[in-house]
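Input: a single structure, listed below in structure tokens.
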Amino acid sequence: MFPSTPRDSEAWDDDVSREIARSAPGRSSSGFYAGAPEKDPGPPRREASEDEEPDEEIPVAPVRRELSVAVAGFAALLGVGLILGAQTSGPDARLPYAIVIFGVQLLYVLAFTMAIRPPAAGIVAGVCAVAGGYADRLAVTTEPVSVLPLVFVTAGAFVAALAGQAIRAGDRSRLRDGLGGTFLIVLGVVSFALLIVLTREPVGTQAILVCLTAVALSLLVAHLTDAAWPKPRIAAQVPRGAAGIVLGAMLGTLAAAGLGSVLVLPFTPAKGALLGFAVAGIAGLVDLAVNYSEAGRSMAGDAPTFWVARHMQGPLGAFSLTLPATYALTVLFLG
């Protein structure tokens with residue numbers, strides 16, 4: 001009687017077959033050993049792990065050169081208008097300058113309200129427009145000249161905007177998320193009134209010339225450089241180059257130092273360079289932050305901002321948010 005052989009299922013079950021197949025590299029895919037003709041297996045395939053996510057191609061935002069030139073021109077015109085208005089403003093002729101500033105404030109409210117889209121955007125825009133006009137009036141008429149009334153206007157307008165956002169239930173649910181954007185709109189629109197306050201200071205008009213020249217030149221050079229050579233890219237989704245931002249800040253500082261060398265005391269080249277370096281750096285960062293926020297909205301799938309508001313937002317925000325620094329530096333270093 002012959003000894004019983006093991007069953008096929010015990011010796012050649014699925015697990016054992018896999019192990020033998022793995023340990024026999026010379027075995028071909030057709031079931032024969034190496035040496036038999038077989039098809040080219042091609043390059044080895046890399047199996048994706050469960051923890052790994054598939055690579056997503058990041059779209060590169062194109063740099064529109066005509067648009068960069070247009071934004072640079074708008075920044076230059078805005079700077080020239082604000083500087084010339086300050087130079088022609090006198091003790092009995094500040095009202096025309098206040099009217100010009102109020103027009104710029106309305107542009108700021110339009111651009112930032114459409115871009116940030118705070119809760120109850122219409123109420124926020126109306127409150128900010130009223131706050132801007134009232135701040136201009138206080139800056140012209142307050143005796144003695146002081147920045148404290150503008151602080152009260154900023155606080156009151158912010159509270160009024162929040163109250164307007166709390167009226168409707170849909171706006172109340174977004175109130176906490178919109179706090180930062182609402183405060184940014186209120187602060188920016190009231191900050192333009194600091195230009196009128198500075199014209200009433202002994203060296204304020206010269207400080208406006210130095211600082212706004214640095215801001216306008218930094219934005220002009222940055223966007224013109226982006227139109228010609230937008231490299232190295234800050235980010236794939238942001239159509240800006242680091243070379244333009246750095247070059248703009250450097251030339252803005254240089255221009256401020258040059259103006260400091262030709263203006264009367266207390267200006268010196270060092271003080272002019274200090275003021276120019278601070279405001280040109282802030283302006284470049286604010287302008288770049290606007291591009292980042294627009295890229296973030298695009299990646300999130302939100303509807304883009306109206307094109308006029310979108311392209312005015314950077315220069316308007318850069319000028320408005322450098323004015324508090326301009327006033328502080330004037331008081332601390334030139335007062």
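Quick note on naming: the chains in the structure tokens go A, B, ... in the order shown, residues restart at 1 in each chain, and ligands are numbered from 1 in order of appearance.
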
Self-check item: Close residues, Arg168 (chain A) itself excluded, 12 Å, only C-alpha atoms, min 5 positions apart in chain, as a list in words
Solution: Pro119, Ala120, Ile123, Leu162, Ala163, Ser173, Arg174 and Leu175 of chain A

Considering only C-alpha atoms, give me a table of residues in region 157-275 of chain A that are at most 10 Å from region 143-151 of chain A, with the closest atom pair and distance in Å for each, as CSV.
residue,atom,partner,partner_atom,distance
A:Ala157,CA,A:Val151,CA,10.0
A:Leu187,CA,A:Val151,CA,9.2
A:Val190,CA,A:Leu150,CA,6.9
A:Ser191,CA,A:Leu150,CA,8.2
A:Ala193,CA,A:Leu150,CA,7.8
A:Leu194,CA,A:Val147,CA,7.5
A:Ile196,CA,A:Val145,CA,9.9
A:Val197,CA,A:Val145,CA,6.8
A:Leu198,CA,A:Val145,CA,9.2
A:Arg200,CA,A:Val145,CA,7.0
A:Glu201,CA,A:Val145,CA,7.9

Each residue of region 218-317 of chain A lying at most 12 Å from region 327-335 of chain A should get a row with its shortest atom-to-atom pair and the distance in Å to one decimal, counting only C-alpha atoms; could you produce that, ordered by chain and increasing number, as a Markdown table?
| residue | atom | partner | partner_atom | distance |
| --- | --- | --- | --- | --- |
| A:Gly260 | CA | A:Leu334 | CA | 11.5 |
| A:Val264 | CA | A:Leu334 | CA | 11.4 |
| A:Leu265 | CA | A:Leu334 | CA | 8.9 |
| A:Pro266 | CA | A:Leu334 | CA | 6.1 |
| A:Phe267 | CA | A:Leu334 | CA | 7.3 |
| A:Thr268 | CA | A:Leu334 | CA | 10.0 |
| A:Ala270 | CA | A:Phe333 | CA | 10.9 |
| A:Lys271 | CA | A:Phe333 | CA | 7.5 |
| A:Gly272 | CA | A:Leu334 | CA | 10.0 |
| A:Ala273 | CA | A:Leu329 | CA | 11.8 |
| A:Leu274 | CA | A:Leu329 | CA | 8.9 |
| A:Leu275 | CA | A:Leu329 | CA | 6.8 |
| A:Gly276 | CA | A:Leu329 | CA | 10.3 |
| A:Phe277 | CA | A:Leu329 | CA | 11.4 |
| A:Ala278 | CA | A:Leu329 | CA | 9.0 |
| A:Val279 | CA | A:Leu329 | CA | 9.6 |

Output file for the residues above (N, CA and C atoms, as a PDB file, in the first residue's frame):
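Everything below was put into result_25.pdb:
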ATOM      1  N   GLY A 260      15.478 113.634   1.278  1.00  0.00           N
ATOM      2  CA  GLY A 260      15.921 114.069   2.593  1.00  0.00           C
ATOM      3  C   GLY A 260      17.184 114.898   2.551  1.00  0.00           C
ATOM      4  N   VAL A 264      14.889 120.970   3.877  1.00  0.00           N
ATOM      5  CA  VAL A 264      15.451 121.694   5.011  1.00  0.00           C
ATOM      6  C   VAL A 264      15.365 120.832   6.257  1.00  0.00           C
ATOM      7  N   LEU A 265      16.112 121.276   7.280  1.00  0.00           N
ATOM      8  CA  LEU A 265      16.067 120.586   8.560  1.00  0.00           C
ATOM      9  C   LEU A 265      14.635 120.567   9.096  1.00  0.00           C
ATOM     10  N   PRO A 266      14.245 119.513   9.813  1.00  0.00           N
ATOM     11  CA  PRO A 266      15.054 118.435  10.399  1.00  0.00           C
ATOM     12  C   PRO A 266      15.329 117.264   9.473  1.00  0.00           C
ATOM     13  N   PHE A 267      15.069 117.397   8.175  1.00  0.00           N
ATOM     14  CA  PHE A 267      15.336 116.287   7.274  1.00  0.00           C
ATOM     15  C   PHE A 267      16.829 116.148   7.025  1.00  0.00           C
ATOM     16  N   THR A 268      17.264 114.887   6.977  1.00  0.00           N
ATOM     17  CA  THR A 268      18.619 114.514   6.590  1.00  0.00           C
ATOM     18  C   THR A 268      18.506 113.296   5.682  1.00  0.00           C
ATOM     19  N   ALA A 270      19.684 110.398   6.184  1.00  0.00           N
ATOM     20  CA  ALA A 270      19.410 109.218   7.010  1.00  0.00           C
ATOM     21  C   ALA A 270      17.941 109.164   7.418  1.00  0.00           C
ATOM     22  N   LYS A 271      17.373 110.310   7.830  1.00  0.00           N
ATOM     23  CA  LYS A 271      15.964 110.320   8.222  1.00  0.00           C
ATOM     24  C   LYS A 271      15.056 110.073   7.013  1.00  0.00           C
ATOM     25  N   GLY A 272      15.417 110.634   5.882  1.00  0.00           N
ATOM     26  CA  GLY A 272      14.633 110.364   4.690  1.00  0.00           C
ATOM     27  C   GLY A 272      14.668 108.897   4.310  1.00  0.00           C
ATOM     28  N   ALA A 273      15.856 108.281   4.405  1.00  0.00           N
ATOM     29  CA  ALA A 273      15.976 106.861   4.091  1.00  0.00           C
ATOM     30  C   ALA A 273      15.186 106.011   5.071  1.00  0.00           C
ATOM     31  N   LEU A 274      15.172 106.398   6.339  1.00  0.00           N
ATOM     32  CA  LEU A 274      14.417 105.641   7.337  1.00  0.00           C
ATOM     33  C   LEU A 274      12.925 105.688   7.048  1.00  0.00           C
ATOM     34  N   LEU A 275      12.410 106.875   6.770  1.00  0.00           N
ATOM     35  CA  LEU A 275      10.992 106.990   6.446  1.00  0.00           C
ATOM     36  C   LEU A 275      10.661 106.238   5.154  1.00  0.00           C
ATOM     37  N   GLY A 276      11.520 106.392   4.141  1.00  0.00           N
ATOM     38  CA  GLY A 276      11.254 105.722   2.875  1.00  0.00           C
ATOM     39  C   GLY A 276      11.320 104.214   2.991  1.00  0.00           C
ATOM     40  N   PHE A 277      12.282 103.699   3.734  1.00  0.00           N
ATOM     41  CA  PHE A 277      12.407 102.248   3.903  1.00  0.00           C
ATOM     42  C   PHE A 277      11.167 101.665   4.578  1.00  0.00           C
ATOM     43  N   ALA A 278      10.663 102.347   5.606  1.00  0.00           N
ATOM     44  CA  ALA A 278       9.493 101.837   6.335  1.00  0.00           C
ATOM     45  C   ALA A 278       8.248 101.829   5.461  1.00  0.00           C
ATOM     46  N   VAL A 279       7.955 102.959   4.831  1.00  0.00           N
ATOM     47  CA  VAL A 279       6.697 103.038   4.079  1.00  0.00           C
ATOM     48  C   VAL A 279       6.770 102.246   2.775  1.00  0.00           C
TER      49      VAL A 279
END

Using only C-alpha atoms, what table do you get, as CSV, when you list each residue of region 73-189 of chain A with an atom no more than 12 Å from region 214-235 of chain A, its nearest pair of atoms, and their distance in Å rounded to one decimal, rows by chain then rising number?
residue,atom,partner,partner_atom,distance
A:Gly73,CA,A:Leu220,CA,6.9
A:Phe74,CA,A:Leu220,CA,8.6
A:Ala75,CA,A:Ala216,CA,5.9
A:Ala76,CA,A:Ala216,CA,5.4
A:Leu77,CA,A:Ala216,CA,8.4
A:Leu78,CA,A:Ala216,CA,7.8
A:Gly79,CA,A:Ala216,CA,5.3
A:Val80,CA,A:Ala216,CA,8.0
A:Gly81,CA,A:Ala216,CA,10.7
A:Leu82,CA,A:Ala216,CA,10.2
A:Ile83,CA,A:Ala216,CA,10.0

Selection from above, N, CA, C and O atoms, as a compact mmCIF listing (two decimals), in the first residue's frame, can you write it?
# COMPACT_ATOMS: atom_id res chain seq x y z
N GLY A 73 0.76 102.55 -13.61
CA GLY A 73 0.34 103.91 -13.95
C GLY A 73 -0.67 104.47 -12.97
O GLY A 73 -0.60 105.66 -12.60
N PHE A 74 -1.62 103.63 -12.53
CA PHE A 74 -2.60 104.11 -11.55
C PHE A 74 -1.92 104.48 -10.24
O PHE A 74 -2.25 105.50 -9.62
N ALA A 75 -0.97 103.67 -9.78
CA ALA A 75 -0.25 103.97 -8.54
C ALA A 75 0.53 105.28 -8.66
O ALA A 75 0.54 106.11 -7.73
N ALA A 76 1.15 105.50 -9.81
CA ALA A 76 1.90 106.74 -9.99
C ALA A 76 0.98 107.95 -10.02
O ALA A 76 1.27 108.98 -9.38
N LEU A 77 -0.13 107.85 -10.72
CA LEU A 77 -1.08 108.98 -10.78
C LEU A 77 -1.67 109.27 -9.41
O LEU A 77 -1.84 110.45 -9.03
N LEU A 78 -2.00 108.23 -8.66
CA LEU A 78 -2.54 108.44 -7.32
C LEU A 78 -1.52 109.13 -6.43
O LEU A 78 -1.86 110.08 -5.69
N GLY A 79 -0.28 108.69 -6.49
CA GLY A 79 0.76 109.33 -5.68
C GLY A 79 0.99 110.78 -6.07
O GLY A 79 1.10 111.66 -5.20
N VAL A 80 1.02 111.07 -7.38
CA VAL A 80 1.23 112.45 -7.83
C VAL A 80 0.08 113.34 -7.38
O VAL A 80 0.27 114.48 -6.93
N GLY A 81 -1.16 112.84 -7.49
CA GLY A 81 -2.31 113.64 -7.08
C GLY A 81 -2.30 113.97 -5.60
O GLY A 81 -2.55 115.12 -5.20
N LEU A 82 -1.99 112.99 -4.76
CA LEU A 82 -1.97 113.23 -3.32
C LEU A 82 -0.81 114.15 -2.92
O LEU A 82 -0.96 115.00 -2.03
N ILE A 83 0.33 114.01 -3.59
CA ILE A 83 1.48 114.85 -3.26
C ILE A 83 1.23 116.30 -3.69
O ILE A 83 1.47 117.25 -2.92

Practice problem: Per DSSP on the backbone, filter region 53-300 of chain A down to the residues in strand (DSSP E) and report them as JSON, numbers by chain. | Solution: {"A": [233, 234, 235, 238, 239, 240, 241]}

Go ahead and write the residues just picked, N, CA and C atoms, as a PDB file, in the first residue's frame.
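The resulting result_9.pdb:
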ATOM      1  N   ARG A 233       9.251  83.801  -9.226  1.00  0.00           N
ATOM      2  CA  ARG A 233       7.858  83.913  -8.853  1.00  0.00           C
ATOM      3  C   ARG A 233       7.694  83.744  -7.347  1.00  0.00           C
ATOM      4  N   ILE A 234       6.856  84.592  -6.761  1.00  0.00           N
ATOM      5  CA  ILE A 234       6.556  84.487  -5.334  1.00  0.00           C
ATOM      6  C   ILE A 234       5.815  83.187  -5.053  1.00  0.00           C
ATOM      7  N   ALA A 235       4.828  82.880  -5.865  1.00  0.00           N
ATOM      8  CA  ALA A 235       4.056  81.642  -5.775  1.00  0.00           C
ATOM      9  C   ALA A 235       3.457  81.391  -7.143  1.00  0.00           C
ATOM     10  N   VAL A 238       0.251  83.333  -7.757  1.00  0.00           N
ATOM     11  CA  VAL A 238       0.319  84.788  -7.607  1.00  0.00           C
ATOM     12  C   VAL A 238       1.162  85.355  -8.748  1.00  0.00           C
ATOM     13  N   PRO A 239       0.597  86.201  -9.594  1.00  0.00           N
ATOM     14  CA  PRO A 239       1.346  86.713 -10.750  1.00  0.00           C
ATOM     15  C   PRO A 239       2.282  87.869 -10.392  1.00  0.00           C
ATOM     16  N   ARG A 240       3.190  87.618  -9.473  1.00  0.00           N
ATOM     17  CA  ARG A 240       4.153  88.632  -9.041  1.00  0.00           C
ATOM     18  C   ARG A 240       5.534  87.999  -8.952  1.00  0.00           C
ATOM     19  N   GLY A 241       6.563  88.835  -9.136  1.00  0.00           N
ATOM     20  CA  GLY A 241       7.929  88.371  -9.016  1.00  0.00           C
ATOM     21  C   GLY A 241       8.640  89.040  -7.852  1.00  0.00           C
TER      22      GLY A 241
END

What are the closest atom pairs, with distances in Å to one decimal, for each residue of region 65-161 of chain A lying within 10 Å of region 284-293 of chain A, using only C-alpha atoms, rows by chain and rising residue number, as a tab-separated table?
residue	atom	partner	partner_atom	distance
A:Phe112	CA	A:Val290	CA	9.9
A:Ala115	CA	A:Ser293	CA	9.0
A:Ile116	CA	A:Ser293	CA	9.0

Self-check item: Residues of region 176-330 of chain A in alpha helix (DSSP H), written as an NGL selection string
Solution: :A and (179-191 or 194-199 or 204-228 or 242-262 or 269-299 or 307-329)

Which region 167-282 of chain A residues have any atom within 10 Å of an atom of region 86-93 of chain A, and for each, what is the nearest pair of atoms with distance in Å to one decimal, counting only C-alpha atoms, rows sorted by chain and number, as CSV?
residue,atom,partner,partner_atom,distance
A:Leu195,CA,A:Ala86,CA,7.5
A:Ile196,CA,A:Ala86,CA,7.7
A:Leu198,CA,A:Ala86,CA,8.8
A:Thr199,CA,A:Ala86,CA,6.4
A:Arg200,CA,A:Pro91,CA,7.7
A:Gly204,CA,A:Ala86,CA,9.2
A:Thr205,CA,A:Ala86,CA,6.2
A:Gln206,CA,A:Gln87,CA,8.4
A:Ile208,CA,A:Ala86,CA,7.4
A:Leu209,CA,A:Gln87,CA,8.1

Practice problem: Pick out the closest residue to Gly188 (chain A) from this set: A:Gly317, A:Pro59, A:Gly126, A:Gly252. Count only C-alpha atoms. | Solution: A:Gly317
